[in-house]
Every structure is written in C-alpha cells, then in structure tokens.
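The structure appears right after this line, and notes come after that.
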Amino acid sequence: MAKKQVKRKATDFVDKKKLKDSEIKSTEDDEEEQDLQEDLLQKISNEDNDSSDDEGTEQIYQSDDSDELEFESDEEGNYASKWDEGVGSENSGDEEAESDDEEQEGSDDEEEEDSDDEDEDEINDSDIEDISDDEVSDEETNLKERNLPKSKKSDGNIKKNGLEASTSANAKKELELQKVKTSEALNDFKEELKDPNNTLVVPSKKEEYADSDTSDEEDIRNTVGNIPMHWYDEYKHIGYDWDAKKIIKPSKGDQIDDFLRKIEDPDFWRSVKDPQTGQEVVLTDADIELIKRINSARVPNPEHNEYEPWIEWFTNEVERMPIKNVPDHKRSFLPSSSERKKVSRMIHALKMGWMKTMEEVEREKKEARGPKFYMLWETDTSREHMRRIHDPVSAPKRDLPGHAESYNPPPEYIFDEKERKEWLKLKDEPHKRKLHFMPQKYNSLREVPAYPRYIRERFMRCLDLYLCPRARRTKLNIDAEYLIPKLPSPKDLQPFPTVESLVYRGHTDLVRTVSVEPKGEYIVSGSDDKTVKIWEIATGRCIRTIETDDVVRCVAWCPNAKLSIIAVAAGNRLLLINPKVGDKLLIKKTDDLLAEAPQNDTMESERIKTAVQWSVAEKEEQEKGVRLVITHFKPIQQVTWHGRGDYVATVMPEGANRSALIHQLSKRRSQIPFSKSKGLIQCVLFHPIKPCFFVATQHNVRIYDLVKQELIKKLLTNSKWISGMSIHPKGDNLLVSTYDKKMLWFDLDLSTKPYQTLRLHKNAVRNVAFHLRYPLFASASDDLSVIVSHGMVYNDLLQNPLIVPVKKLQTHEAREEFGVLDVAWHPVQPWVFSSGADATIRLYT
Amino acid sequence: MRRLKKYQSGEAAQYITRRAALRKLQLSLNDFRRLCIIKGVYPREPKHRRRAQKGSSEIKILYHAKDIRFLLHEPIVWTLRDYKIFAKKTGKDRAVKDFRNLKRRLALFPELRIDHIVKERYPTFVDAIKDLDDCLTLLFLFSTFPSLRLIPREQSFLCRRLTIEFLHYIISSKSIRNVFISIKGFYFQADIKGQKVTWIMPHHYPFKPHSKAEVDFKVMSIFVEFYTIMLGFVNYRLYHSAGYTYPPKFRSEIHNDSQDNYKDELSYVSDRIATLNSDLICTENELEDEIENIDLDLLEQGQSSNRIMKLKKEAKELTNLRSLFKGLKFYVNREVPREPIVILIRSFGGKVSWDCTAFVGATYNESDETITHQIVDRPILSKKYISRDYIQPQWVFDCVNKRTLLPTNSYFLGVLLPPHLSPFVDSNRDSYIPPEENESQNESDCNQKKYVEGNTGFSASAKEIIDSHAMDDDQLQKAYIEERADFEEYDRIENEEEQNDDNIPEEQKEKLRHEETLSMSVQAGKVHKENKKIRRKNEIDEHRLQARMVKSRHRTLFRKLVREKQVKEKEKWLLKKKRRNIEAQKMSN
C-alpha cells in the first residue's frame, strides 16, 4: 500500500513536470528520475522501510554493512528506488520470465504508462487526450516500426499486458475495487486503442491455439497406441476406439476392384488410407497444396514470407545508462578473505620451496629431458669391479684409408679402362673387388661431392658391430720365410752334381733303366727299342749295343767288382751278359765261371720248375755276350743284385704268389721265397749288410729275414703306389719313391712310419738312389727333373738324419707324359746319371 | 650320478641361438636388438659350429649363454617392457579419445637410463677412448641429418652439441696428429691419452634418403642413443682433466644456444663453425705444455740410443706441430669448406676468419693487412693483396701431415695441386710407395732442419718470415738438386749394370770394342764376375727347393702367405708400370 502511495506521489510529481515541459524526450526521463529519486529519498526515509515485500537478501545486506553508516544511507535510497522499480517489473515479469530484456523494458514503460493512465483516469481526465495522443502516437509508431510484421508477438504482448494487469490485480487482493475498475477500464481503453489491429489478429490467435493443441498430442482415434500396426494384420479390426469398440477394417477389394475404382472414382488419386483407422481419407485441396510444397522443399505454410525485412532485436547502439539501475553488490568491491588466505598459503609454499612456479616447473622439465653427464670415471685407468659380458672381445677398428682414397690421388691409382670394367663387372660380388670404391680425382676441394654410399657404409658398420660373430683368433703375422725349416745352405753341403756335363745319345726309344759299373768307368742302359747299350762314362761313347728280343725293363750291373756281369730283364727272360769291357782278366774269369754248370743235387720242386728254366745262351747270343738265360713264366719287371754278386732277385708283378724270385748264380738255382702273395709286388731289394730282403707291394714295404725266413717289419707308407726304393749303404735308412709325388724316408731303427715325407717333385717319382759314399741321394720324376738331396746319416743314434734338397737338375725333354725314368749314382764320384723318356742318358757333375 | 645326455654339456651348452635367447628373455626381436646394441652383446663364433649348434650344420646366430644370462638381470629390460605397456596404454587412450589421460601418460614416458651401461662396457676411461672411433664417426654423420621420421630431432641436436664440444677439446688440447681428405670425407686422427682416435667428418651434405632394405635408420638411431651418452661422459672427463668446465663456456658472445639456430640448416652450420672459432674458458692455467717440456728434458738426459733418438725426434716433431700455425693469420674464402680448416688452424695456434657478410663469427676482414695466408679454392681472384700468400686448402692439410710449413709455390692459386697422400699408410711397408711420398720425405727432412733454426724469429712480422723462408728454400733447393743429381747418377750406373745383363748383344759389342782396343796392350787381371741373372735364378731355385721342405701342417698357411705376397707384388708392379706409362706420356706430350 505504502509503496503504491509512494508511486502515486511520484507519478504525481511526474505529471506536474510533464505538464511543465511536455515536450521533453523520453531519454531525458532518466535524469528526471534521478532527480526524482533524490526527492524520493526523503520520503522513503520518512516512510517505513520495512515494507511487506522486502526481500531477505536486502536485509542481510543491510546487516552486513551496518558499520558503514554513511555509505548505507547514501546507497539505500538508490537501492530502494531501484527495488521499487524492480518489484514492479517483477510483479509483471513473473509470468514472462522468458521474455527479452527489450520486451521487459517495453513492458516497464508500458506499466509506467499504465500507472500513468490510472492516475490520469483518476485525477486528470482533462489531460487524457493530451497524453493518450502522445502515447498512442508513440505506441502506434512502435507497432508500426517493429511489431507490425510480428503481429502475433505484439498481440501476445498486449495480451500479456492485459494479463499482467489482471494477475497483479489478483495477487494484490487488498487492492480496492477502484483499482479493479481502473484495470478493466485500462483494458477497455487498450482495446479501443488497438482496434484496427485487433480485428486482424484475433482469429489467427485461435488457430494458433488449435495447432498447438493438436500437433503435439497423439492421434487417439485408435487407442492401441504406438505399436507396429502389422500386429493386427490377422484380425478383422485394427484397434479400439475411444469407447473400447473394435475399429473394423474396411472391406478390402481385390485388384480388379481397385482398378475399377481407379477408373470410376474421380477422387481416387487423392484418397489415402489412414493407417490408424484403416479408412480411406480423401485429401483436401489444402492438404494437397501442403504436400506439394513439402515435396518441392518449400516452407509448408504458403503465407510464410522468407524475404521479410530483418529486424534487429539487439541494437548496436551503446546505451549510456545501465539497463538495470541496480548498483554492484558491495562484496564485488571487497577482496575475498578466503582467496587472500589461499594466496598467502601459496606464497609461503613458494618461499619454503614446497611449491614451484610454472616457469620453474617448465624449466626443470626441460632440463630433466636431456641426458645428464657427470664424472663417470674417477681416473683414466682405474677400473671398478663390475659384472661385464663374458670374455669381451672388442670390435676390430676399420682399416685406415690409403692413397687411393684421396680426393687427389697420384695418377697411377686412378682406374684405367680395364680396371674400371673389372670393377663394374663385380657388381654382384663386391667383396671380390680390389677396392670397395672407385678412386676419383678432383682438381679442387670445392668440387668434392658427398660420398653417395657413406650412410650405407656406416650402417654396414653398425650391423657388423651388433650382428657379426666375434671370436678371439691368433692372427699369424709372420713372413712366409719363417715357415721354411732352417736348413744348412747347399753351398756348405758340396760336393753335389750341379750341371749337366754329358748327354749319351743313341737309343731310339725311352731309356727305361741305367746302371753303373762298380769301378765307375762304364754304364749300361736298357731301352724300349729292345737294346742294351754299354757306354764309356768319360767320353760318352757307346761301346757296345746288345740287341734283345723284347723291351728291356731293367738292367743291373753286378755290384761285385770281381765279376763283370750285367743282369738284363728283357721280357720273360733274364739275360746274364758279360759286357766284355774293362779288365780282360776279369772278363775271362767271369766267362769261365759262367761256363761250367755246377752239379745240382737237390731236386727242384714243381713250383719252381714251372716258373723258371735256366739255360745257357745260344750261339748267336753267346757272341753278343749273353752267357746265361733264365726264362721266367711271366715278364720280368725288375732285377736286383745282392751285394756279393751271387744272388739276383727278379720281380714279376703278374706272377701272383710266385712274383718274387731269388736266383743263385753259383748253383744255378732259383728259389721262391714266398708261398703267399701279400699284394702286387712292385720291387725288391737286398739289404747291403744283413741277410734281409725288402719287398715293396703297392702300399707297404715288408722286410724279411732270409735266414730265419720270417717277416721282420712292415713299413707303412700311407701312399697309393710305390714305384721304387733304395737303401742307404749303411743299411739303416730306406728311401721309397711313390707315384703320388712323394718320397718317404724310413729310419728302420726308429719306426715303421716314415721319418720324413718329401714332396719335392711335382709329378710321380719314378725312382730314387743313394750314393754309396757321399751323403747324397737323387730322385727321378715324371716332372722332367732330377732332384739331388743331401741325406746325412749320423753315427750318433740320437741325431736324426739331416735331409736337405740341394739341387734340381732339369734338362730332360718331355716325351708324352714321361719324364726321367731312372737315376743312378757313380760309385765313386758325386755324379749322377739319369735316363729319360727323350731316349737320352745324362750325366750331371 | 646320472650321465648327461648329448649336447647338455661342453660347447653345445655354452652357446644359445638367438631364438632361444628371445624366448628366455621374453622380448621381441626389436627389443632384443636394442638391448644387444646398448649392452654391447654380440654373437660369438664357436670353435666347432656343428657341436655348438647341437649337431645342425646350417649357420645360426649364436650367443654366449652367459651373456644372455647376464642380460636377464639388466634393469633396462624392464624399461623396454614399460615401453610396450606405454604404447599399449597411450594407444588405447588415443582410440577412445581420452586426451586428458593421454596427456598425463605422455608426461610419464619411461626414460631409458643407460649411464651404468657406459661404465660397464668401458670399465676404464681409456677403454672408452679406444672405442671412440665408431662413436665419433656416427655422431658426426648424425649431426648433419635433417629432421627424419625415425630419428628424433633431439637426437641430432644432441649429436651436434656433443661433437662440437668434442672438437673444442681437440682444438684446445692440440691433439690432432693426422688429417686426410678422402672422397668419403675428412679423416682426422687425434692422440687422446695415448690412444689414436680416428673419425670421419663427411663432405656436405651426406644425407640421402635410403630405402629401408638398404639402410635402417632405426638401428643406427639406437647406436646413436648409446654413443651420445658415451661421448657425453667422455667429454665431461676430457674437459675436466684439461681444466675446463664441462658444459663449455666461451669467451666470445657469439654462441647463443637458442632453438632458433636449429631452424635453418645453413645458419646452424655457420654458427657451429663460429663457435669453433672462439676460445673455451679455462678454469686452471695451462699445465699441459709444462708437462710436455718435462718429458723432453727427461729424454734429453737419457743416452742417445736408437730408440731414444727416435722418441726425441717424435717429440720434436710434436712440439713443432703444436705451434705450426702460430703467428699466422688466415682468411678463408667463402667457397672453401670451413669447418675442417678452422679446426686445423685453430688447433695449431693460427688465427682464422672469413667473409663476415656471408657467415657469422668472422673476427677480421679480408682487407686486414696482417693476414698472412688466404685460402682460396677457385682458379682466379679479382682482388689480391701483395702482403699475403694465396693458397689452396690442401696446403693446410699437407702441412699438418708433414709437421712443417710447406713451401706454398705448388699450392698457389689455380695451380695444379700435387697429389694428396694418405698419412695413414705405413712408410716402412713393402708395398708400392708413390714417388711423391719419397720426395716429400726427403724434403721434409731438409725442411725440418731449417725450421729448427728458423723457429726463433717468429716474433717478427709475418712477411719477413716468409721472405726468409723463400731464401732458405732457394738454398735448400740448390743443395737438394745437387744431391739429387748425384743420386741419379748413381742410380743410372746401377741401372746400366742391370741392363747389361738383360741386353746381351749390346754388352757383347762393347766387349768386342774393348777387346779390339785392348788387344795390343797388357791386360789387367779381371775379376771374375758372376752372371747375376744366373746367380739369381739359382738362388730362386734353391729357395724353391727349400720351400718344398715346409712341414705339411704349415703347408696351406705357407701357400696362403706366398699367394698374398704375390698379389701384393703384383699390385706394386702394376702401379709402378702405370706410373711409368703416365710419366712417359707426359714426356712425349
């Protein structure tokens, strides 16, 4: 009540003012209001503060700031006045909470106007016309300007205004009747005012309501609800209506019916089945129009204008005065104590280092990101015990570059055409290349480009480091010379034959064998041209040629100097020839010796008889010098004398268990020492001193005691095929030559295995021979060479024999694949004879 | 006791295949590779492969079982597993778009700590230095890499930082001994703590994209991961032992280690060189020189045995090298690759600068009159100063290798350079020695004498020094020519003798003439002269025969050695022949 009175008074005042200067613009109203408020202050302080509508917050606020009296008193009025207005507006705004500020403003204005109007009604009827003119004109212009297009809205406003008025009236039940009247009067008045608009607006308003009612609510002609309608497919009805009665499906004709209907019914095209009721519905024109519009993607409502002028709801003009005249709350000016506490706590934390600023945190993060280095090793060489990997092997370093890798190498390192081609050809096998890069020459440093395979090389190194298996290997960094055993120089081991001094030519085919007279004046040679030739050593003259029937495989001069007999193996026959050279007495004595046949008391066994027949040579042969002929049953391969010259041993490789025979000249008797063959016998040999017999089969050498008739030793040669052997004159060392390029030195006292294996020759070794006096031996080989070696045997048993190859004599010529076939030493001089496939005999001195 | 089954003891139990190792460690192949690289575990070559592989004969990768057992206890195995977990979790976060969690996880990225592994792999500091070759070469390569997908950017930054730090140490300790310009890059050999450390600085710009089959950058990156840590610690110790503070500080203000520098490749390179041109701040006074002097004194006290003489000579050479460019002022033209040259000049006491408009860090201008040498790599220069020598960059390298200042006349502007020879080949070897090397050796001997005398006058102005050099050069040249002439005469006589053997008809003619002239007179008794050729042949035959006496167990080795020797001989012969042909062509032209 009191407030209303206040308001009335205020309006009174306004009215008076308005009367004074009615032409002042509405914008100036604010100023006036301020003035007015000042005036009001007095009144309000006079009047009571405890109005019934006061809010609790207001009271709290007051109690809060009770200590600042001045402030309060100053502000209170403002607040009050504002609150007054606010209440007014609130009263009206209760229902239109969602309405815009603008509208609110408008409504405020209107309310003011309303109140004005009321007053006017009551008091100044005379002024009504005046004001109403003003107001109406204002209103109209407003409406025309903004509200005309949005007629609904404006209507709503109006309506709301009306409502407001009514609600405010209802709310304040204490209001007098007068007030009700006034409000009614106001309504009437308003309607009067807006007559021209009203006529248009009212029906649309009703439609709106209807729309809003129906659009949202569900269709309730059928009460089954929102279910799939096909559930009713099997039934006659399609649901239940509001009265719980079945809605029966209309009879459904067949296709012919449909077709007929289609022909007959002009409205067929516009009839649609209603899914809810199952009834046919004929669409109205309006519906069709609507559908058409929707189909063509236009706004369904044809009255809707898409191109209406734009209405700016929010002005871009900056208002000079606040929209709400409520001042900021006091607490917005006062610093918050809780925040203050928080800040002080933070400051303390920063000071104490419990907390860090963002900057510090960032910096620390950044520092923590990179690796941190410190003194890992205290000294250069001290080591701390740590577990390491087992037996670490450090990776070998890369080779350092040579001259060829230079950017400006000496010209000889640059590849020429051939080298370049070769380098490029080995593209698939780069490891075979001489250099892993192609040397380049650049005239100046600035022209040198990046090496294209550099990264690849580094990558390969990385792979090597982690993927290449490592092992410790002792790398021999020695010169090849170091591996050659330290032997005395050949110069210190002279004499030995060094040069070829004579060539004995005369044979027409390869000379298989050669033998020297024990006194050292003549040599005898046997050849494939079926002749035996006797040569004088000193002159190289052929003294005698003895023709035989068959290829001469072996000749052997009797080692006994008191006899002059040559044993010649020609085919099946062993010929004992008196060469008739040298001392005449000796020749005669030999002839005599061979002439008379001794008495044979013992009976020879059948085995021997079938193998050997002794016979005296025939007349023709006698003239040639042949004295005795021992005919064997198989071709003879080798013949060898015993040292005393009484026994001759022959070898027939094809003779099976009778392949080795020993003939005694003095008794003209033969023996077969072995009853069983132990292999293919290659050659045999008498021991120079002891009654021992050496038999070489293909693989082994067997030594037999002739007296005890037993095997003494078996020497293992570990070779494929023995070709010949020779015994050291002292009888303790045996030299065996093999076709597999080896010579084997056996120390008979030492072992059955070779003391030394000599691989001096490059091809099969045909024969070996010891010198009788000098510590020399020679070997003949198919590689055309005769190699003379120093083979010293010491009397001291503790000292091993010394073997030094001293000279390679290579003068024979190649004939087919044969080279030198036999070798023999001069009995006294350090001279060596060799017979070769080139039909010559050569003497090296 | 139960008898062990086959392959449960001995060599078969010592080795373990890679597959078995993976199963034992419960790691993926990638993780295992990483672990092996970082821990320095490598496959082993067994003595008997078949036995070690439990009877199978195909070649498998075998590790020592103890090594794998050792890896079991390695803490970084857990980090590797954490990586896996991390990847899984972040992957999930990313998939469900839980970015808050993802961010939190990313901050907790498990870091691989490998400090202890450095110590474990290199128990002493010298061990680490011995293994520095690969490390430096790889890091120098990586320091030039642009941003790559597989290589984190920080890694190449770190490589750059560490290599620069290392170079600074090298410069300040003057430890470079040999340099070589190869087609692959610049080889540097330094002497650190008595160990020879060699590294390659590739020519610009080495990076070239490679397919994964050709080069797997990931593997190299893992190596770099370890090597950076290793070099960091080595640098730290080197700096401290030389009396510098480790994160190095520079006297001049050029070096500002901001990220902007890394943005631009070119500016980075120039900055890097600029920093090389600045001095380190030293914490202590230089003690090293004194130590070196004491050593020399000690040597002088000792007797002049052969070895000591040699040591003395080396020490003298070293002192010479350390002050090789002292008092000289260089100016580097912009076309010259500056980095290696700056390193060399600065480490041997010279001053160096370059075009200040082109690159940062120049200390003086081209117009400075006190410049003694200008390094130019182009045939013509428009503006020349009389007061300085214009030389090509190879001069600097050759000087360092020869330990003296070589005469500059063969390195002048536009002159065809003498061949650049590798300092790494052993001069006592039996393979081919190019004639230039021989010559230069003789020359260097002469020069050294001269420099011992001439070293005293270095305080005088540079120009004077050069003049005096020239004078000395002249004198020496004369002496040398004379000596050379004598030598050649001697050589010719010998050659003739040799030729006599070859060309018998000529010899016979001469003999006949001699006989004709001397037939009337009384002849002096002639010394019996063996035919050299025959004698030689005999010797060879003899040697061959003796070579056949090599024991059978040495025979294959002997043959191999002989073959190697023959190949070498052949190479030598071929090079000699080529050289002769080239010389002949030159003469004919």
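So you can find residues: chains in the structure tokens are A, B, ... in the order shown, residues in each start at 1, and ligands are numbered from 1 in order.
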
Closest pair table for chain B residues within 7 Å of chain A, only C-alpha atoms, as a Markdown table:
| residue | atom | partner | partner_atom | distance |
| --- | --- | --- | --- | --- |
| B:Cys36 | CA | A:Tyr466 | CA | 6.8 |
| B:Ile37 | CA | A:Tyr466 | CA | 5.9 |
| B:Val41 | CA | A:Tyr466 | CA | 7.0 |
| B:Tyr42 | CA | A:Tyr466 | CA | 5.2 |
| B:Pro43 | CA | A:Pro469 | CA | 4.4 |
| B:Arg44 | CA | A:Pro469 | CA | 4.4 |
| B:Glu45 | CA | A:Pro469 | CA | 5.1 |
| B:Lys66 | CA | A:His390 | CA | 6.3 |
| B:Asp67 | CA | A:Ile389 | CA | 5.4 |
| B:Phe70 | CA | A:Ile389 | CA | 6.7 |
| B:Lys119 | CA | A:Leu376 | CA | 7.0 |
| B:Glu120 | CA | A:Arg388 | CA | 6.1 |
| B:Arg121 | CA | A:Arg388 | CA | 6.8 |
| B:Pro123 | CA | A:Arg383 | CA | 5.3 |
| B:Thr124 | CA | A:Thr381 | CA | 5.1 |
| B:Phe125 | CA | A:Asp380 | CA | 4.8 |
| B:Val126 | CA | A:Asp380 | CA | 5.9 |
| B:Leu138 | CA | A:Arg458 | CA | 6.9 |
| B:Ile181 | CA | A:Ser406 | CA | 5.9 |
| B:Ser182 | CA | A:Ser406 | CA | 4.3 |
| B:Ile183 | CA | A:Tyr407 | CA | 4.9 |
| B:Lys184 | CA | A:Tyr451 | CA | 5.0 |
| B:Pro202 | CA | A:Ala450 | CA | 6.9 |
| B:His203 | CA | A:Ala450 | CA | 4.8 |
| B:His204 | CA | A:Ala450 | CA | 5.6 |
| B:Tyr205 | CA | A:Ala450 | CA | 5.9 |
| B:Pro206 | CA | A:Ala450 | CA | 5.3 |
| B:Glu214 | CA | A:Arg456 | CA | 7.0 |
| B:Val215 | CA | A:Arg456 | CA | 5.9 |
| B:Met220 | CA | A:Phe459 | CA | 6.5 |
| B:Gly232 | CA | A:Phe373 | CA | 6.1 |
| B:Phe233 | CA | A:Phe373 | CA | 5.6 |
| B:Tyr236 | CA | A:Met375 | CA | 6.5 |
| B:Arg237 | CA | A:Met375 | CA | 6.0 |
| B:Glu335 | CA | A:Arg446 | CA | 6.6 |
| B:Val336 | CA | A:Arg446 | CA | 6.2 |
| B:Asp377 | CA | A:Arg446 | CA | 6.4 |
| B:Pro419 | CA | A:Pro410 | CA | 5.1 |
| B:His420 | CA | A:Asn408 | CA | 5.2 |
| B:Leu421 | CA | A:His403 | CA | 5.3 |
| B:Ser422 | CA | A:His403 | CA | 4.9 |
| B:Phe424 | CA | A:Leu400 | CA | 6.2 |
| B:Val425 | CA | A:Gly402 | CA | 5.8 |
| B:Glu542 | CA | A:Lys807 | CA | 6.9 |
| B:Leu545 | CA | A:Pro805 | CA | 6.3 |
| B:Gln546 | CA | A:Pro805 | CA | 6.7 |
| B:Ala547 | CA | A:Ile484 | CA | 5.7 |
| B:Arg548 | CA | A:Leu760 | CA | 5.8 |
| B:Met549 | CA | A:Ile484 | CA | 6.6 |
| B:Val550 | CA | A:Ile484 | CA | 5.0 |
| B:His554 | CA | A:Leu483 | CA | 7.0 |
| B:Phe558 | CA | A:Ala480 | CA | 5.7 |
| B:Leu561 | CA | A:Ala480 | CA | 5.6 |
| B:Val562 | CA | A:Ala480 | CA | 6.2 |
| B:Leu575 | CA | A:Glu412 | CA | 5.8 |
| B:Lys578 | CA | A:Glu412 | CA | 5.5 |
| B:Arg579 | CA | A:Glu412 | CA | 5.1 |

Shell of 6 Å around Asn578 (chain A), only C-alpha atoms, local chain residues under 5 positions omitted, as an mmCIF file with N, CA, C and O atoms, in the first residue's frame:
data_model
loop_
_atom_site.group_PDB
_atom_site.id
_atom_site.type_symbol
_atom_site.label_atom_id
_atom_site.label_comp_id
_atom_site.auth_asym_id
_atom_site.auth_seq_id
_atom_site.Cartn_x
_atom_site.Cartn_y
_atom_site.Cartn_z
ATOM 1 N N SER A 564 132.211 -109.323 -64.013
ATOM 2 C CA SER A 564 131.633 -108.337 -64.918
ATOM 3 C C SER A 564 130.414 -108.959 -65.575
ATOM 4 O O SER A 564 130.474 -109.558 -66.630
ATOM 5 N N ILE A 565 129.345 -108.859 -64.869
ATOM 6 C CA ILE A 565 128.087 -109.413 -65.355
ATOM 7 C C ILE A 565 127.019 -108.312 -65.287
ATOM 8 O O ILE A 565 126.990 -107.521 -64.341
ATOM 9 N N GLY A 625 127.427 -111.730 -76.083
ATOM 10 C CA GLY A 625 127.919 -111.621 -74.708
ATOM 11 C C GLY A 625 126.979 -112.255 -73.717
ATOM 12 O O GLY A 625 127.268 -112.316 -72.527
#

- Message: Would you pick out the contacts of Glu369 (chain B) at 9 Å or less, using only C-alpha atoms, so that residues sharing its chain but fewer than 2 positions from it are not included, and give the list as a ChimeraX atom specification?
- Response: /B:366-367,371-372,385,387-388

How about saving the chosen residues, N, CA and C atoms kept, as a short mmCIF file (atom, residue, chain, number, x, y, z; two decimals), in the first residue's frame?
data_model
loop_
_atom_site.label_atom_id
_atom_site.label_comp_id
_atom_site.auth_asym_id
_atom_site.auth_seq_id
_atom_site.Cartn_x
_atom_site.Cartn_y
_atom_site.Cartn_z
N GLU B 366 88.68 -9.13 -44.81
CA GLU B 366 89.63 -9.52 -45.84
C GLU B 366 90.70 -8.44 -46.02
N SER B 367 90.31 -7.22 -45.73
CA SER B 367 91.22 -6.10 -46.00
C SER B 367 92.31 -5.95 -44.92
N ILE B 371 96.98 -10.21 -42.42
CA ILE B 371 96.68 -11.59 -42.84
C ILE B 371 97.87 -12.14 -43.62
N THR B 372 98.30 -13.32 -43.24
CA THR B 372 99.47 -13.89 -43.92
C THR B 372 99.09 -14.86 -45.02
N TYR B 385 95.93 -9.12 -52.53
CA TYR B 385 96.83 -8.32 -51.70
C TYR B 385 98.23 -8.88 -51.86
N SER B 387 100.58 -8.62 -49.67
CA SER B 387 101.21 -8.98 -48.40
C SER B 387 100.92 -10.41 -47.97
N ARG B 388 100.12 -11.12 -48.71
CA ARG B 388 99.75 -12.45 -48.22
C ARG B 388 99.91 -13.51 -49.30
#

- Item | Distance criterion (only C-alpha atoms): nearest to Val695 (chain A) out of A:Thr357, A:Ala824, A:Gln682, A:Glu620 |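 Result for the nearest residue to Val695 (chain A): A:Gln682.
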
- Query: Quick one: residues within 12 Å of Val352 (chain B), only C-alpha atoms counted, chain neighbours fewer than 4 positions away excluded, as number ranges by chain?
  - Reply: B: 273-274, 276-278, 325-333, 338-348, 356, 361-366, 368, 370-375

- Would you please give, as a ChimeraX atom specification, all residues of region 62-295 of chain B that DSSP assigns to strand (DSSP E or B) based on the backbone? /B:62-64,176-182,185-192,195-202,244,250,280,282

- Which of these residues is nearest to Arg113 (chain B), using only C-alpha atoms: B:Phe226, B:Asp98, B:Arg2, B:Tyr187?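 The answer is B:Phe226, which sits nearest to Arg113 (chain B).
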
- Query: So which residues touch Gly55 (chain B) within 12 Å, counting only C-alpha atoms, skipping near sequence neighbours fewer than 6 positions away, as a PyMOL selection string?
  - Reply: chain B and resi 6-7+11-12+48-49

- How many Å separate CA of Lys196 (chain B) from CA of Ser241 (chain B)? 17.9 Å
